[in-house]
Amino acid sequence: MNAKTGKIKAAMLGAALTLGAAPQAMAEGMGYQTVSDLLHLVMNSDRTVYTRMIVNRLANEEGVIKASEHFIDDKALVLPAQMFRFGAEMVAEETDAFSYSLLSLWPINKQNAPATPLEEEGLTFVAENPGENFYGEEELGGTTYFTAVYADVAVAAACTSCHNDHKDSPRTDFEGGDVMGGVVIRIPIDG
Amino acid sequence: MTRNRFLWILWALATVLIAGSALARLYIAGDRTVLLPGQTAGAHHQLEIACETCHTSAPFASAAKLRKDINKTCVTCHKEDLKAADDSHPLKKFTNPRMAAYWEKIDGRFCISCHAEHQPETTLPMMLTLQGDYCIACHSEGQQDIRKDRESHAELTFDTCAGSGCHNYHDNRALYEDFLVKHAGQPWLAETPVHPVEALARTRPAPDPAAIEAYLAGVSAADAARSETAAHDWAASAHAGADVGCAGCHAAGAETDAQIAAAWTDTPAETVCATCHKGEAKTFALGRHGTRRHPEIAEPRSAKSALKKLGWKKPPEALVSALDAYLTDPAPPAAMSVAEGRVPLKPEAHGETLTCSTCHAPHRQDLGFAAVGACVSCHDDDHSRAYEGSPHHLLWQAELAGDLPPGSGVTCATCHMPKTKSAKAITTNHNQNDTLRPNEKMIRPVCAECHGLGFAIDALADPALIANNFSGQPDRHVESIDWAVNRVEPPEQGTNQ
């Protein structure tokens, strides 16, 4: 029950942040899919805001500062993907009630390629079916997880230019609006 | 009673008494080092006297809980190192369930997967208790197969990843590909090889003797403690410059002459130094010399609370006092003595303990002694013995003679206790670990101030050159910069760290 309470709390937090505490998000017994969808809504909104209003504006449009993977050494902005991953790592330090990752079939860092058959299936599905999410279950390390995969779409020129120009990128023909990868959210299933 | 019966009873009683005494000593408040399953590694031996420092779990905790608790213990002391290292393999990267397949190879969620303790027979440098080719576990298959991903690595064996000067598991600040490319082609030695922060710290005009005399005339100290040498040494020191007078240390907090006389101590404690030198005291406690000063070392176990845990709620004070007197718990321990050190140390230094005044004479500001003399008076390894007469030492002598500008000389402390400058002050990092192992940690804060990256990497990968204290040129070449430059086109692009 504790894990479930945690999920409900997470959902309430997500709802409060995004929807102004909409009544339906407060409902008891919320399904894994709803919780996951709400979490994704927060994640995706925050990163889109960071990508468009910080990185793309300051680095690409106004050119006042650059964004760099080596942001400390280069005294630069954190890349949107790093901002997202740092958040995921911080969450991982706080709770195991859910976890999330930003992955791709065409990752710059091989570490972010699919690592489980369900990740591969989900990432392929969202790439081939724009606008649709992927949901499934998988067992990892002796625990069964509800796993959701959401398409990660190029929301600004900064996304495509960086990936297309990067020497480690396995794909260099991304255009605005393309599915570049996916957000994978996992929630352990009770019992 | 027959003689035999009497002897049996006596034997039984004696056995119970001796066993009880031994158990009491182990359990209640005494020294538990006898329980050590094996010697610990590195500076951890300084913690051996207080098991609770590392073993914080409740008795009979689950294996999962034990591993998590040990993680917390490790991080208690090593958090800052790992943060500063921009850890390439932080634990938090492995907690995501998608890494489950890797957990079965090497479980990166737990420090002890690679650094098991109490296993001296299988402990390698860097406290590694895996085989040196451990990278093979995760970087040899599928998308992660580095031999396929990097042409230059196709023929390499996995025992060369971390032991060659190319990669480290945690700290790659001076080794990541873009950094290598950015610093490729640098000359081995800078045009004006000066450590800028050392230069700032060493640029201090010698005080004028007349000014010292005038200053001393206005100073009051306890008559019994007056010493012309001490006063002159002190008057020429930064303490006098900062208006820290005799009473500042010998009667801390006292203001009037009467208060000073009442509070006067001839031997101020280390805590007095730490009142002002907070950064130095903190880093000293994090380093190898001062591990026993670490604030997280377990408190002494009290006999009273141990008896309470055993179910004796109100133990008689007499018994508690007796136990306390009998079982003098060594925690918190005295400062580590040279005799307890587990690195090569000079026998004649074995009587020394490690406090502030071991290296810093209390009145005389002699950074030359603190930065070289104190070190070589104890350390007796090849590298330390070879310092005198080494190129770095000759530079230091030339600087002392006034032939070279401040910051030119390289002392033991320049590399092992580098100075850092913040907006407020210059601080000497007393935690040697920050630049010690793996030795590539030294490149950015130290070597790179005077040397090119390629030379620094090569030099630090040459054990013979380290042993002779860098008297000569590296005898080996690490190809990492060459490979990185060949791969990166154009070089200004980013890449993965």
# chains A, B, ... in the order shown; residues from 1 in each chain; ligands from 1
call {"tool": "residues_around", "arguments": {"residues": "Phe158 in chain B", "least_positions_apart": "6", "cutoff": "12 Å", "atoms": "only C-alpha atoms", "output": "tab-separated table (two decimals) with N, CA and C atoms, in the first residue's frame"}}
result
chain	number	residue	atom	x	y	z
B	131	GLN	N	38.70	-7.78	-10.63
B	131	GLN	CA	39.85	-7.89	-11.53
B	131	GLN	C	40.01	-6.56	-12.28
B	132	GLY	N	41.21	-6.26	-12.69
B	132	GLY	CA	41.49	-4.98	-13.34
B	132	GLY	C	40.79	-4.79	-14.68
B	133	ASP	N	40.26	-5.88	-15.25
B	133	ASP	CA	39.58	-5.75	-16.55
B	133	ASP	C	38.06	-5.65	-16.39
B	134	TYR	N	37.63	-5.07	-15.27
B	134	TYR	CA	36.19	-5.05	-14.95
B	134	TYR	C	35.34	-4.32	-15.98
B	135	CYS	N	35.92	-3.45	-16.80
B	135	CYS	CA	35.12	-2.70	-17.78
B	135	CYS	C	34.42	-3.65	-18.77
B	136	ILE	N	35.01	-4.84	-18.92
B	136	ILE	CA	34.48	-5.81	-19.87
B	136	ILE	C	33.03	-6.17	-19.54
B	137	ALA	N	32.67	-6.07	-18.27
B	137	ALA	CA	31.33	-6.49	-17.85
B	137	ALA	C	30.24	-5.74	-18.61
B	138	CYS	N	30.43	-4.47	-18.84
B	138	CYS	CA	29.36	-3.67	-19.45
B	138	CYS	C	29.72	-3.10	-20.82
B	139	HIS	N	31.00	-3.03	-21.15
B	139	HIS	CA	31.38	-2.34	-22.39
B	139	HIS	C	31.91	-3.29	-23.46
B	140	SER	N	31.38	-4.50	-23.47
B	140	SER	CA	31.90	-5.45	-24.46
B	140	SER	C	30.80	-6.09	-25.29
B	145	ASP	N	29.56	-2.06	-26.95
B	145	ASP	CA	30.85	-2.69	-27.26
B	145	ASP	C	31.82	-1.63	-27.78
B	146	ILE	N	32.73	-1.25	-26.93
B	146	ILE	CA	33.63	-0.14	-27.24
B	146	ILE	C	34.59	-0.52	-28.38
B	147	ARG	N	34.82	-1.81	-28.54
B	147	ARG	CA	35.75	-2.22	-29.60
B	147	ARG	C	35.15	-1.99	-30.98
B	164	SER	N	45.86	2.37	-17.73
B	164	SER	CA	46.82	2.82	-18.73
B	164	SER	C	47.02	4.31	-18.77
B	166	CYS	N	44.37	6.16	-19.53
B	166	CYS	CA	43.32	6.62	-20.47
B	166	CYS	C	41.99	6.90	-19.77
B	167	HIS	N	41.55	6.00	-18.91
B	167	HIS	CA	40.22	6.13	-18.30
B	167	HIS	C	40.28	5.83	-16.81
call {"tool": "residues_around", "arguments": {"residues": "Gly122 in chain A", "least_positions_apart": "5", "cutoff": "8 Å", "atoms": "only C-alpha atoms", "output": "PyMOL selection string"}}
result
chain A and resi 134-135+148-149
call {"tool": "closest_atom_pairs", "arguments": {"of": "range 24-93 of chain B", "to": "range 81-101 of chain A", "cutoff": "10 Å", "atoms": "only C-alpha atoms", "output": "JSON lines"}}
result
{"residue": "B:Pro90", "atom": "CA", "partner": "A:Glu89", "partner_atom": "CA", "distance": 9.6}
{"residue": "B:Leu91", "atom": "CA", "partner": "A:Glu93", "partner_atom": "CA", "distance": 9.1}
{"residue": "B:Lys92", "atom": "CA", "partner": "A:Glu89", "partner_atom": "CA", "distance": 5.8}
{"residue": "B:Lys93", "atom": "CA", "partner": "A:Glu89", "partner_atom": "CA", "distance": 6.7}
call {"tool": "select_by_dssp", "arguments": {"residues": "range 114-194 of chain B", "states": "helix (DSSP H, G or I)", "output": "number ranges by chain"}}
result
B: 120-122, 125-127, 134-137, 142-144, 146-149, 151-153, 158-160, 177-182
call {"tool": "residues_around", "arguments": {"residues": "Asp243 in chain B", "least_positions_apart": "6", "cutoff": "12 Å", "atoms": "only C-alpha atoms", "output": "ChimeraX atom specification"}}
result
/B:215-216,218-219,234-237,249
call {"tool": "residues_around", "arguments": {"residues": "Asn56 in chain A", "least_positions_apart": "3", "cutoff": "8 Å", "atoms": "only C-alpha atoms", "output": "count of residues only"}}
result
9
call {"tool": "select_by_dssp", "arguments": {"residues": "range 119-169 of chain A", "states": "strand (DSSP E or B)", "output": "VMD selection string"}}
result
chain A and resid 134 to 140 143 to 153
call {"tool": "atom_distance", "arguments": {"atom1": "CA of Ala306 in chain B", "atom2": "CA of Glu52 in chain B"}}
result
13.2 Å
call {"tool": "residues_around", "arguments": {"residues": "range 176-180 of chain A", "least_positions_apart": "6", "cutoff": "9 Å", "atoms": "only C-alpha atoms", "output": "list of chain:residue names"}}
result
A:Leu103, A:Ser104, A:Leu105, A:Trp106, A:Pro107, A:Val126, A:Ala127, A:Glu128, A:Pro130, A:Ala151, A:Asp152, A:Val153, A:Ala154, A:Val155, A:Ala156, A:Ala157, A:Cys159, A:Thr160
call {"tool": "closest_residue", "arguments": {"among": "A:Asn109, A:Asn129, A:Ser169, A:Asn164", "to": "chain B", "atoms": "only C-alpha atoms"}}
result
A:Asn109
call {"tool": "decode", "arguments": {"residues": "range 143-164 of chain A", "atoms": "N, CA, C and O atoms", "output": "mmCIF file, in the first residue's frame"}}
result
data_model
loop_
_atom_site.group_PDB
_atom_site.id
_atom_site.type_symbol
_atom_site.label_atom_id
_atom_site.label_comp_id
_atom_site.auth_asym_id
_atom_site.auth_seq_id
_atom_site.Cartn_x
_atom_site.Cartn_y
_atom_site.Cartn_z
ATOM 1 N N THR A 143 11.300 -7.640 -10.378
ATOM 2 C CA THR A 143 10.115 -6.817 -10.122
ATOM 3 C C THR A 143 9.375 -6.586 -11.433
ATOM 4 O O THR A 143 10.006 -6.404 -12.473
ATOM 5 N N THR A 144 8.050 -6.612 -11.366
ATOM 6 C CA THR A 144 7.260 -6.335 -12.569
ATOM 7 C C THR A 144 6.949 -4.846 -12.623
ATOM 8 O O THR A 144 6.574 -4.245 -11.608
ATOM 9 N N TYR A 145 7.139 -4.270 -13.774
ATOM 10 C CA TYR A 145 6.925 -2.836 -13.937
ATOM 11 C C TYR A 145 5.845 -2.556 -14.974
ATOM 12 O O TYR A 145 5.757 -3.256 -15.997
ATOM 13 N N PHE A 146 5.051 -1.540 -14.705
ATOM 14 C CA PHE A 146 4.242 -0.930 -15.739
ATOM 15 C C PHE A 146 5.180 0.034 -16.468
ATOM 16 O O PHE A 146 5.814 0.887 -15.848
ATOM 17 N N THR A 147 5.289 -0.133 -17.770
ATOM 18 C CA THR A 147 6.233 0.689 -18.538
ATOM 19 C C THR A 147 5.485 1.449 -19.624
ATOM 20 O O THR A 147 4.733 0.847 -20.411
ATOM 21 N N ALA A 148 5.676 2.755 -19.644
ATOM 22 C CA ALA A 148 5.040 3.582 -20.669
ATOM 23 C C ALA A 148 6.119 4.282 -21.481
ATOM 24 O O ALA A 148 7.144 4.691 -20.932
ATOM 25 N N VAL A 149 5.893 4.364 -22.786
ATOM 26 C CA VAL A 149 6.846 5.052 -23.659
ATOM 27 C C VAL A 149 6.109 6.173 -24.391
ATOM 28 O O VAL A 149 5.056 5.935 -25.004
ATOM 29 N N TYR A 150 6.650 7.379 -24.308
ATOM 30 C CA TYR A 150 6.041 8.554 -24.948
ATOM 31 C C TYR A 150 7.009 9.097 -25.993
ATOM 32 O O TYR A 150 8.223 9.202 -25.720
ATOM 33 N N ALA A 151 6.486 9.453 -27.125
ATOM 34 C CA ALA A 151 7.352 9.985 -28.183
ATOM 35 C C ALA A 151 8.019 11.266 -27.710
ATOM 36 O O ALA A 151 7.400 12.087 -27.032
ATOM 37 N N ASP A 152 9.286 11.415 -28.064
ATOM 38 C CA ASP A 152 9.992 12.658 -27.762
ATOM 39 C C ASP A 152 10.226 13.368 -29.097
ATOM 40 O O ASP A 152 10.958 12.884 -29.960
ATOM 41 N N VAL A 153 9.556 14.510 -29.218
ATOM 42 C CA VAL A 153 9.496 15.178 -30.520
ATOM 43 C C VAL A 153 10.413 16.399 -30.534
ATOM 44 O O VAL A 153 10.569 17.083 -29.522
ATOM 45 N N ALA A 154 11.024 16.679 -31.673
ATOM 46 C CA ALA A 154 11.870 17.866 -31.820
ATOM 47 C C ALA A 154 10.989 19.112 -31.728
ATOM 48 O O ALA A 154 10.203 19.387 -32.623
ATOM 49 N N VAL A 155 11.122 19.844 -30.627
ATOM 50 C CA VAL A 155 10.235 20.994 -30.402
ATOM 51 C C VAL A 155 10.891 22.315 -30.800
ATOM 52 O O VAL A 155 10.250 23.348 -30.814
ATOM 53 N N ALA A 156 12.197 22.284 -31.059
ATOM 54 C CA ALA A 156 12.878 23.527 -31.421
ATOM 55 C C ALA A 156 14.052 23.201 -32.334
ATOM 56 O O ALA A 156 14.519 22.049 -32.387
ATOM 57 N N ALA A 157 14.547 24.226 -33.001
ATOM 58 C CA ALA A 157 15.671 24.023 -33.918
ATOM 59 C C ALA A 157 16.901 23.517 -33.173
ATOM 60 O O ALA A 157 17.731 22.796 -33.731
ATOM 61 N N ALA A 158 16.990 23.890 -31.889
ATOM 62 C CA ALA A 158 18.150 23.460 -31.106
ATOM 63 C C ALA A 158 18.247 21.936 -31.052
ATOM 64 O O ALA A 158 19.347 21.380 -31.065
ATOM 65 N N CYS A 159 17.094 21.258 -31.022
ATOM 66 C CA CYS A 159 17.105 19.785 -30.916
ATOM 67 C C CYS A 159 17.721 19.172 -32.171
ATOM 68 O O CYS A 159 18.634 18.349 -32.110
ATOM 69 N N THR A 160 17.173 19.579 -33.314
ATOM 70 C CA THR A 160 17.598 18.939 -34.566
ATOM 71 C C THR A 160 19.016 19.345 -34.940
ATOM 72 O O THR A 160 19.812 18.503 -35.365
ATOM 73 N N SER A 161 19.357 20.618 -34.754
ATOM 74 C CA SER A 161 20.693 21.048 -35.183
ATOM 75 C C SER A 161 21.766 20.336 -34.380
ATOM 76 O O SER A 161 22.769 19.874 -34.927
ATOM 77 N N CYS A 162 21.551 20.209 -33.099
ATOM 78 C CA CYS A 162 22.563 19.562 -32.252
ATOM 79 C C CYS A 162 22.720 18.089 -32.627
ATOM 80 O O CYS A 162 23.827 17.594 -32.805
ATOM 81 N N HIS A 163 21.598 17.396 -32.771
ATOM 82 C CA HIS A 163 21.678 15.963 -33.083
ATOM 83 C C HIS A 163 22.212 15.716 -34.492
ATOM 84 O O HIS A 163 22.978 14.783 -34.717
ATOM 85 N N ASN A 164 21.800 16.560 -35.440
ATOM 86 C CA ASN A 164 22.259 16.342 -36.821
ATOM 87 C C ASN A 164 23.746 16.630 -36.991
ATOM 88 O O ASN A 164 24.405 16.046 -37.844
#
